Amino acid sequence: MRRLDHLLAVGSLLLLVAEPSPAAGPLPFAGRVTAACDNVLGRVAPPATFEGGSPVTYTGSTTQAGWLVLDLPIAPGVFPGYSSVTITAANGDTVRFDNVGLLFAGTGEGVGTFTLTGGTGRFAGATGGGTFDAHIDLSAPTGQPMTVVLDGTVRY
């Protein structure tokens, strides 16, 4: 009987320290990423590109790279757009997501949603998404500073 008690105790401890499984439900996914953009209002050909990094939930320090395409304005200074981003974690694992939203050229603010589209390592098959709020300094012709706040969930 004691052996069974010990096995149950060890099993319970293992459950407490185990990493959450995808079946455990969505986990928070958030970050405040900084980057530098080129050619944001140059629009379609070529798309704007950006690189940067900052800590994002479950990744530690990161690097980030992506591209952005803006469509023709739907109102004065309001550009719909879409982008794709790859975040590389400190250990080399990646998580990818796509964005859709609006850029307000008068303020440099972009708002919209992101959808996780997978990754590598522990993020292989990652799903989830949320909202983003971006601020881009459009006064610089290149190397435009950008800050993006991500707020959502992830399953991996």
# chains A, B, ... in the order shown; residues from 1 in each chain; ligands from 1

$ select_by_dssp --residues "stretch 38-151 of chain A" --states "strand (DSSP E)" --output "ChimeraX atom specification"
/A:38,48-53,63-70,78-88,94-104,109-119,127-136,142-151

$ residues_around --residues "A:Gly152" --least-positions-apart "3" --cutoff "8 Å" --atoms "only C-alpha atoms" --output "PyMOL selection string"
chain A and resi 28-30+128-131

$ select_by_dssp --residues "chain A" --states "alpha helix (DSSP H)" --output "count of residues only"
16

$ residues_around --residues "stretch 115-118 of chain A" --least-positions-apart "5" --cutoff "12 Å" --atoms "only C-alpha atoms" --output "ChimeraX atom specification"
/A:29,82-87,93-101,123-132,150-156

$ write_last_selection --atoms "C-alpha atoms" --output "PDB file, in the first residue's frame"
ATOM      1  CA  PHE A  29       0.632  35.912 -25.557  1.00  0.00           C
ATOM      2  CA  TYR A  82      -1.386  43.387 -43.977  1.00  0.00           C
ATOM      3  CA  SER A  83       1.922  41.974 -42.828  1.00  0.00           C
ATOM      4  CA  SER A  84       3.742  38.844 -41.798  1.00  0.00           C
ATOM      5  CA  VAL A  85       6.149  38.579 -38.854  1.00  0.00           C
ATOM      6  CA  THR A  86       8.591  35.958 -37.592  1.00  0.00           C
ATOM      7  CA  ILE A  87       9.767  36.205 -33.989  1.00  0.00           C
ATOM      8  CA  ASP A  93      12.549  28.592 -31.820  1.00  0.00           C
ATOM      9  CA  THR A  94      10.327  30.739 -34.036  1.00  0.00           C
ATOM     10  CA  VAL A  95       6.698  31.794 -33.947  1.00  0.00           C
ATOM     11  CA  ARG A  96       4.993  33.330 -36.992  1.00  0.00           C
ATOM     12  CA  PHE A  97       1.934  35.484 -37.309  1.00  0.00           C
ATOM     13  CA  ASP A  98       0.048  37.517 -39.901  1.00  0.00           C
ATOM     14  CA  ASN A  99      -1.580  40.899 -39.259  1.00  0.00           C
ATOM     15  CA  VAL A 100      -4.418  42.827 -40.834  1.00  0.00           C
ATOM     16  CA  GLY A 101      -5.349  46.342 -39.837  1.00  0.00           C
ATOM     17  CA  PHE A 123       6.018  26.678 -31.366  1.00  0.00           C
ATOM     18  CA  ALA A 124       5.553  24.184 -34.221  1.00  0.00           C
ATOM     19  CA  GLY A 125       1.823  24.181 -34.905  1.00  0.00           C
ATOM     20  CA  ALA A 126       1.209  27.242 -32.694  1.00  0.00           C
ATOM     21  CA  THR A 127      -2.248  28.775 -33.040  1.00  0.00           C
ATOM     22  CA  GLY A 128      -3.965  31.770 -31.509  1.00  0.00           C
ATOM     23  CA  GLY A 129      -4.120  35.473 -32.080  1.00  0.00           C
ATOM     24  CA  GLY A 130      -5.223  38.780 -30.696  1.00  0.00           C
ATOM     25  CA  THR A 131      -4.917  42.500 -31.253  1.00  0.00           C
ATOM     26  CA  PHE A 132      -2.017  44.835 -31.950  1.00  0.00           C
ATOM     27  CA  LEU A 150       0.677  42.539 -28.871  1.00  0.00           C
ATOM     28  CA  ASP A 151      -2.162  41.263 -26.696  1.00  0.00           C
ATOM     29  CA  GLY A 152      -3.620  37.830 -27.351  1.00  0.00           C
ATOM     30  CA  THR A 153      -3.432  34.108 -26.711  1.00  0.00           C
ATOM     31  CA  VAL A 154      -1.390  31.163 -27.954  1.00  0.00           C
ATOM     32  CA  ARG A 155      -1.712  27.378 -28.006  1.00  0.00           C
ATOM     33  CA  TYR A 156       1.455  25.364 -28.548  1.00  0.00           C
TER      34      TYR A 156
END

$ atom_distance --atom1 "atom CA of A:Thr59" --atom2 "atom CA of A:Met146"
19.9 Å

$ closest_atom_pairs --of "stretch 61-133 of chain A" --to "stretch 34-42 of chain A" --cutoff "9 Å" --atoms "only C-alpha atoms" --output "Markdown table"
| residue | atom | partner | partner_atom | distance |
| --- | --- | --- | --- | --- |
| A:Gln64 | CA | A:Ala35 | CA | 7.7 |
| A:Ala65 | CA | A:Ala35 | CA | 8.5 |
| A:Trp67 | CA | A:Cys37 | CA | 8.8 |
| A:Leu68 | CA | A:Val40 | CA | 7.4 |
| A:Val69 | CA | A:Val40 | CA | 7.9 |
| A:Leu70 | CA | A:Leu41 | CA | 7.5 |
| A:Ala105 | CA | A:Leu41 | CA | 8.3 |

$ closest_residue --among "A:Gly66, A:Gly31, A:Tyr58, A:Phe50" --to "A:Ile136" --atoms "only C-alpha atoms"
A:Phe50

$ closest_residue --among "A:Leu103, A:Ala90, A:Val56, A:Ala48" --to "A:Pro76" --atoms "only C-alpha atoms"
A:Leu103

$ residues_around --residues "A:Pro73" --least-positions-apart "5" --cutoff "10 Å" --atoms "only C-alpha atoms" --output "PyMOL selection string"
chain A and resi 78-81+102-105

$ write_last_selection --atoms "N, CA and C atoms" --output "compact mmCIF listing (two decimals), in the first residue's frame"
# COMPACT_ATOMS: atom_id res chain seq x y z
N VAL A 78 -5.93 57.06 -44.28
CA VAL A 78 -6.26 55.78 -43.62
C VAL A 78 -5.99 54.65 -44.61
N PHE A 79 -4.93 53.86 -44.31
CA PHE A 79 -4.48 52.81 -45.21
C PHE A 79 -4.75 51.43 -44.61
N PRO A 80 -5.54 50.58 -45.28
CA PRO A 80 -5.62 49.19 -44.85
C PRO A 80 -4.32 48.49 -45.22
N GLY A 81 -3.93 47.52 -44.41
CA GLY A 81 -2.69 46.83 -44.71
C GLY A 81 -2.65 45.44 -44.13
N LEU A 102 -5.35 48.73 -39.94
CA LEU A 102 -5.39 50.05 -40.54
C LEU A 102 -4.22 50.87 -40.02
N LEU A 103 -3.60 51.66 -40.92
CA LEU A 103 -2.56 52.61 -40.53
C LEU A 103 -3.13 54.00 -40.73
N PHE A 104 -3.06 54.83 -39.69
CA PHE A 104 -3.51 56.21 -39.73
C PHE A 104 -2.26 57.08 -39.94
N ALA A 105 -2.06 57.54 -41.20
CA ALA A 105 -0.83 58.23 -41.55
C ALA A 105 -0.63 59.52 -40.75

$ decode --residues "stretch 106-153 of chain A" --atoms "C-alpha atoms" --output "PDB file, in the first residue's frame"
ATOM      1  CA  GLY A 106      -1.574  61.438 -39.606  1.00  0.00           C
ATOM      2  CA  THR A 107      -0.570  59.851 -36.285  1.00  0.00           C
ATOM      3  CA  GLY A 108       1.485  56.836 -37.368  1.00  0.00           C
ATOM      4  CA  GLU A 109      -0.803  54.542 -35.365  1.00  0.00           C
ATOM      5  CA  GLY A 110      -1.710  51.131 -36.727  1.00  0.00           C
ATOM      6  CA  VAL A 111      -4.379  48.931 -35.157  1.00  0.00           C
ATOM      7  CA  GLY A 112      -5.699  45.517 -36.039  1.00  0.00           C
ATOM      8  CA  THR A 113      -5.565  41.822 -35.372  1.00  0.00           C
ATOM      9  CA  PHE A 114      -2.900  39.132 -35.618  1.00  0.00           C
ATOM     10  CA  THR A 115      -3.248  35.399 -36.219  1.00  0.00           C
ATOM     11  CA  LEU A 116      -0.533  32.934 -35.194  1.00  0.00           C
ATOM     12  CA  THR A 117       0.360  30.674 -38.116  1.00  0.00           C
ATOM     13  CA  GLY A 118       2.840  28.221 -36.587  1.00  0.00           C
ATOM     14  CA  GLY A 119       6.538  28.184 -35.975  1.00  0.00           C
ATOM     15  CA  THR A 120       9.422  25.877 -35.165  1.00  0.00           C
ATOM     16  CA  GLY A 121      10.639  24.060 -32.065  1.00  0.00           C
ATOM     17  CA  ARG A 122       8.154  24.320 -29.232  1.00  0.00           C
ATOM     18  CA  PHE A 123       6.018  26.678 -31.366  1.00  0.00           C
ATOM     19  CA  ALA A 124       5.553  24.184 -34.221  1.00  0.00           C
ATOM     20  CA  GLY A 125       1.823  24.181 -34.905  1.00  0.00           C
ATOM     21  CA  ALA A 126       1.209  27.242 -32.694  1.00  0.00           C
ATOM     22  CA  THR A 127      -2.248  28.775 -33.040  1.00  0.00           C
ATOM     23  CA  GLY A 128      -3.965  31.770 -31.509  1.00  0.00           C
ATOM     24  CA  GLY A 129      -4.120  35.473 -32.080  1.00  0.00           C
ATOM     25  CA  GLY A 130      -5.223  38.780 -30.696  1.00  0.00           C
ATOM     26  CA  THR A 131      -4.917  42.500 -31.253  1.00  0.00           C
ATOM     27  CA  PHE A 132      -2.017  44.835 -31.950  1.00  0.00           C
ATOM     28  CA  ASP A 133      -1.445  48.547 -31.514  1.00  0.00           C
ATOM     29  CA  ALA A 134       1.522  49.923 -33.461  1.00  0.00           C
ATOM     30  CA  HIS A 135       3.151  53.345 -33.463  1.00  0.00           C
ATOM     31  CA  ILE A 136       5.465  54.235 -36.363  1.00  0.00           C
ATOM     32  CA  ASP A 137       7.429  57.478 -36.678  1.00  0.00           C
ATOM     33  CA  LEU A 138       6.571  58.299 -40.295  1.00  0.00           C
ATOM     34  CA  SER A 139       8.647  61.486 -40.282  1.00  0.00           C
ATOM     35  CA  ALA A 140      11.880  59.555 -40.986  1.00  0.00           C
ATOM     36  CA  PRO A 141      12.328  58.426 -44.628  1.00  0.00           C
ATOM     37  CA  THR A 142      14.024  55.145 -43.578  1.00  0.00           C
ATOM     38  CA  GLY A 143      14.801  53.435 -40.293  1.00  0.00           C
ATOM     39  CA  GLN A 144      11.403  54.539 -39.018  1.00  0.00           C
ATOM     40  CA  PRO A 145      11.154  53.603 -35.303  1.00  0.00           C
ATOM     41  CA  MET A 146       8.194  51.356 -34.557  1.00  0.00           C
ATOM     42  CA  THR A 147       6.713  49.996 -31.336  1.00  0.00           C
ATOM     43  CA  VAL A 148       4.070  47.275 -31.464  1.00  0.00           C
ATOM     44  CA  VAL A 149       2.054  46.079 -28.475  1.00  0.00           C
ATOM     45  CA  LEU A 150       0.677  42.539 -28.871  1.00  0.00           C
ATOM     46  CA  ASP A 151      -2.162  41.263 -26.696  1.00  0.00           C
ATOM     47  CA  GLY A 152      -3.620  37.830 -27.351  1.00  0.00           C
ATOM     48  CA  THR A 153      -3.432  34.108 -26.711  1.00  0.00           C
TER      49      THR A 153
END
